[in-house]
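Asks: One structure coming up, written as structure tokens, with questions to follow.
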Amino acid sequence: MKKSNTTLPDEFTEFVEIVKRLRNDCPWDRIQTHLSLRRCLLEETYEVLEAIDNNDPDELKKELGDLLLQVVFHSNIAEEVNEFTLKDVIESETLKLINRHPHVFGDVKVKDSDEVKRNWENLKKNEGRKSVIDGIPEQLPALLKAYRIQEKASKVGFDWKDEEPVFDKIREELEELKINVSMNKSHKEIEDEFGDVLFSIVNFARFHKINPEDALRRTVSKFKERFSSIEKFADENKLAIET
């Protein structure tokens with residue numbers, strides 16, 4: 001790989017120094033830890049997603065900056081206790097990108113993106129992961145987590161061959177849920193069956209290359225817009241919608 005001889009932009013160097021100064025001089029920044037910043041990191045990530053969903057490049061620019069702040073801040077905290085530095089973070093990610101893209105930086109040939117994904121999973125297993133579904137964060141939203149687990153399992157052949165039995169599975173799980181409700185089963189039993197329904201729906205979504213998290217988020221947004229319109233109409237016409 002041909003290395004670039006460019007240095008870090010002055011703006012980035014200045015940014016890093018500002019974050020370090022805040023860590024030293026600001027009472028709030030000084031007391032933060034990896035754990036205390038956990039919520040901030042999650043919120044900033046979701047705000048980036050919202051900017052993407054809204055197709056708002058100006059807002060995306062700002063939110064990516066906030067997300068970058070979290071990366072630099074966590075790296076500074078780690079450096080203070082000699083765990084790692086921002087330089088280590090960058091070097092580690094650079095090496096990972098090169099190693100996991102042998103079709104770009106090596107002589108491996110691939111025919112499409114699906115083959116890239118299969119190679120990616122094999123490379124991660126060679127790095128020490130015991131299972132193909134290892135590495136999926138526990139804190140992922142449940143719909144997205146289900147999607148990623150199914151997607152990974154599919155890569156090693158654990159999957160339906162076509163769509164029809166996937167839809168049949170939804171019907172089967174819905175019927176089991178209905179039976180549990182009609183038999184007045186325990187809350188836990190009904191909840192378990194409801195989870196099975198959702199899991200089977202996620203599988204159907206995957207067959208159609210639909211990200212269930214994105215789909216549900218858009219539906220929620222549409223509902224919010226419609227409900228706001230109803231509230232506005234009620235307010236303009238002096239109608240009460242409260243129960």
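Lettering and numbering for the structure tokens are positional, with chains as A, B, ... in the shown order, residues counted from 1 in each chain, and ligands counted from 1 in the shown order.
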Tell me, as a ChimeraX atom specification, which residues lie within 8 Å of Leu144 in chain A, counting only C-alpha atoms; anything in the same chain fewer than 5 positions away does not count.
Replies: /A:211-213
Asks: What's around Lys117 in chain A at 10 Å? Count only C-alpha atoms, leave out sequence neighbours fewer than 4 positions away in its own chain, and write the answer as a PyMOL selection string.
Replies: chain A and resi 100+112-113+121-123+152+155
Asks: Go ahead and save the residues from that selection, with N, CA and C atoms, as a short mmCIF file (atom, residue, chain, number, x, y, z; two decimals), in the first residue's frame.
Replies:
data_model
loop_
_atom_site.label_atom_id
_atom_site.label_comp_id
_atom_site.auth_asym_id
_atom_site.auth_seq_id
_atom_site.Cartn_x
_atom_site.Cartn_y
_atom_site.Cartn_z
N ARG A 100 -8.68 -6.49 6.56
CA ARG A 100 -10.00 -7.01 6.22
C ARG A 100 -10.43 -6.67 4.80
N ASP A 112 -18.45 -9.74 -5.99
CA ASP A 112 -19.51 -8.81 -5.60
C ASP A 112 -19.43 -8.52 -4.11
N SER A 113 -20.34 -7.66 -3.62
CA SER A 113 -20.32 -7.25 -2.22
C SER A 113 -20.67 -8.41 -1.28
N GLU A 121 -16.36 -12.03 7.31
CA GLU A 121 -16.69 -12.88 8.46
C GLU A 121 -15.62 -13.93 8.69
N ASN A 122 -15.09 -14.50 7.62
CA ASN A 122 -14.03 -15.50 7.76
C ASN A 122 -12.77 -14.88 8.37
N LEU A 123 -12.45 -13.67 7.95
CA LEU A 123 -11.28 -13.00 8.48
C LEU A 123 -11.45 -12.71 9.98
N LYS A 152 -25.74 -12.95 9.97
CA LYS A 152 -24.48 -13.68 10.15
C LYS A 152 -24.69 -15.19 10.05
N LYS A 155 -24.87 -16.56 6.55
CA LYS A 155 -23.63 -16.65 5.79
C LYS A 155 -22.97 -18.03 5.89
#
Asks: Determine, counting only C-alpha atoms, which protein, DNA and RNA residues have an atom within 12 Å of an atom of Leu42 in chain A; residues of the same chain fewer than 2 positions away are not included. Present the result as a list of chain:residue names.
Replies: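 That gives A:Leu35, A:Ser36, A:Leu37, A:Arg38, A:Arg39, A:Cys40, A:Glu44, A:Thr45, A:Tyr46, A:Glu47, A:Val48, A:Leu49, A:Asp66, A:Leu67, A:Gln70, A:Val71, A:Gln139, A:Leu140, A:Pro141.
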Asks: Please, what distance in Å, to one decimal, runs between CA of Asp10 in chain A and CA of Glu93 in chain A?
Replies: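 Distance between the two atoms: 21.3 Å.
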Asks: Near range 160-168 of chain A, counting only C-alpha atoms, which residues have an atom at most 6 Å away, once you skip same-chain residues fewer than 2 positions from it, shown as a short mmCIF file (atom, residue, chain, number, x, y, z; two decimals) with C-alpha atoms, in the first residue's frame?
Replies:
data_model
loop_
_atom_site.label_atom_id
_atom_site.label_comp_id
_atom_site.auth_asym_id
_atom_site.auth_seq_id
_atom_site.Cartn_x
_atom_site.Cartn_y
_atom_site.Cartn_z
CA ILE A 170 -44.79 -15.76 10.79
CA ARG A 171 -48.26 -17.31 10.50
CA PHE A 204 -38.92 -11.90 6.50
#
Asks: Report, in Å to a single decimal, how far apart CA of Ala215 in chain A and CA of Arg148 in chain A are.
Replies: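 Separation between CA of Arg148 in chain A and CA of Ala215 in chain A: 14.9 Å.
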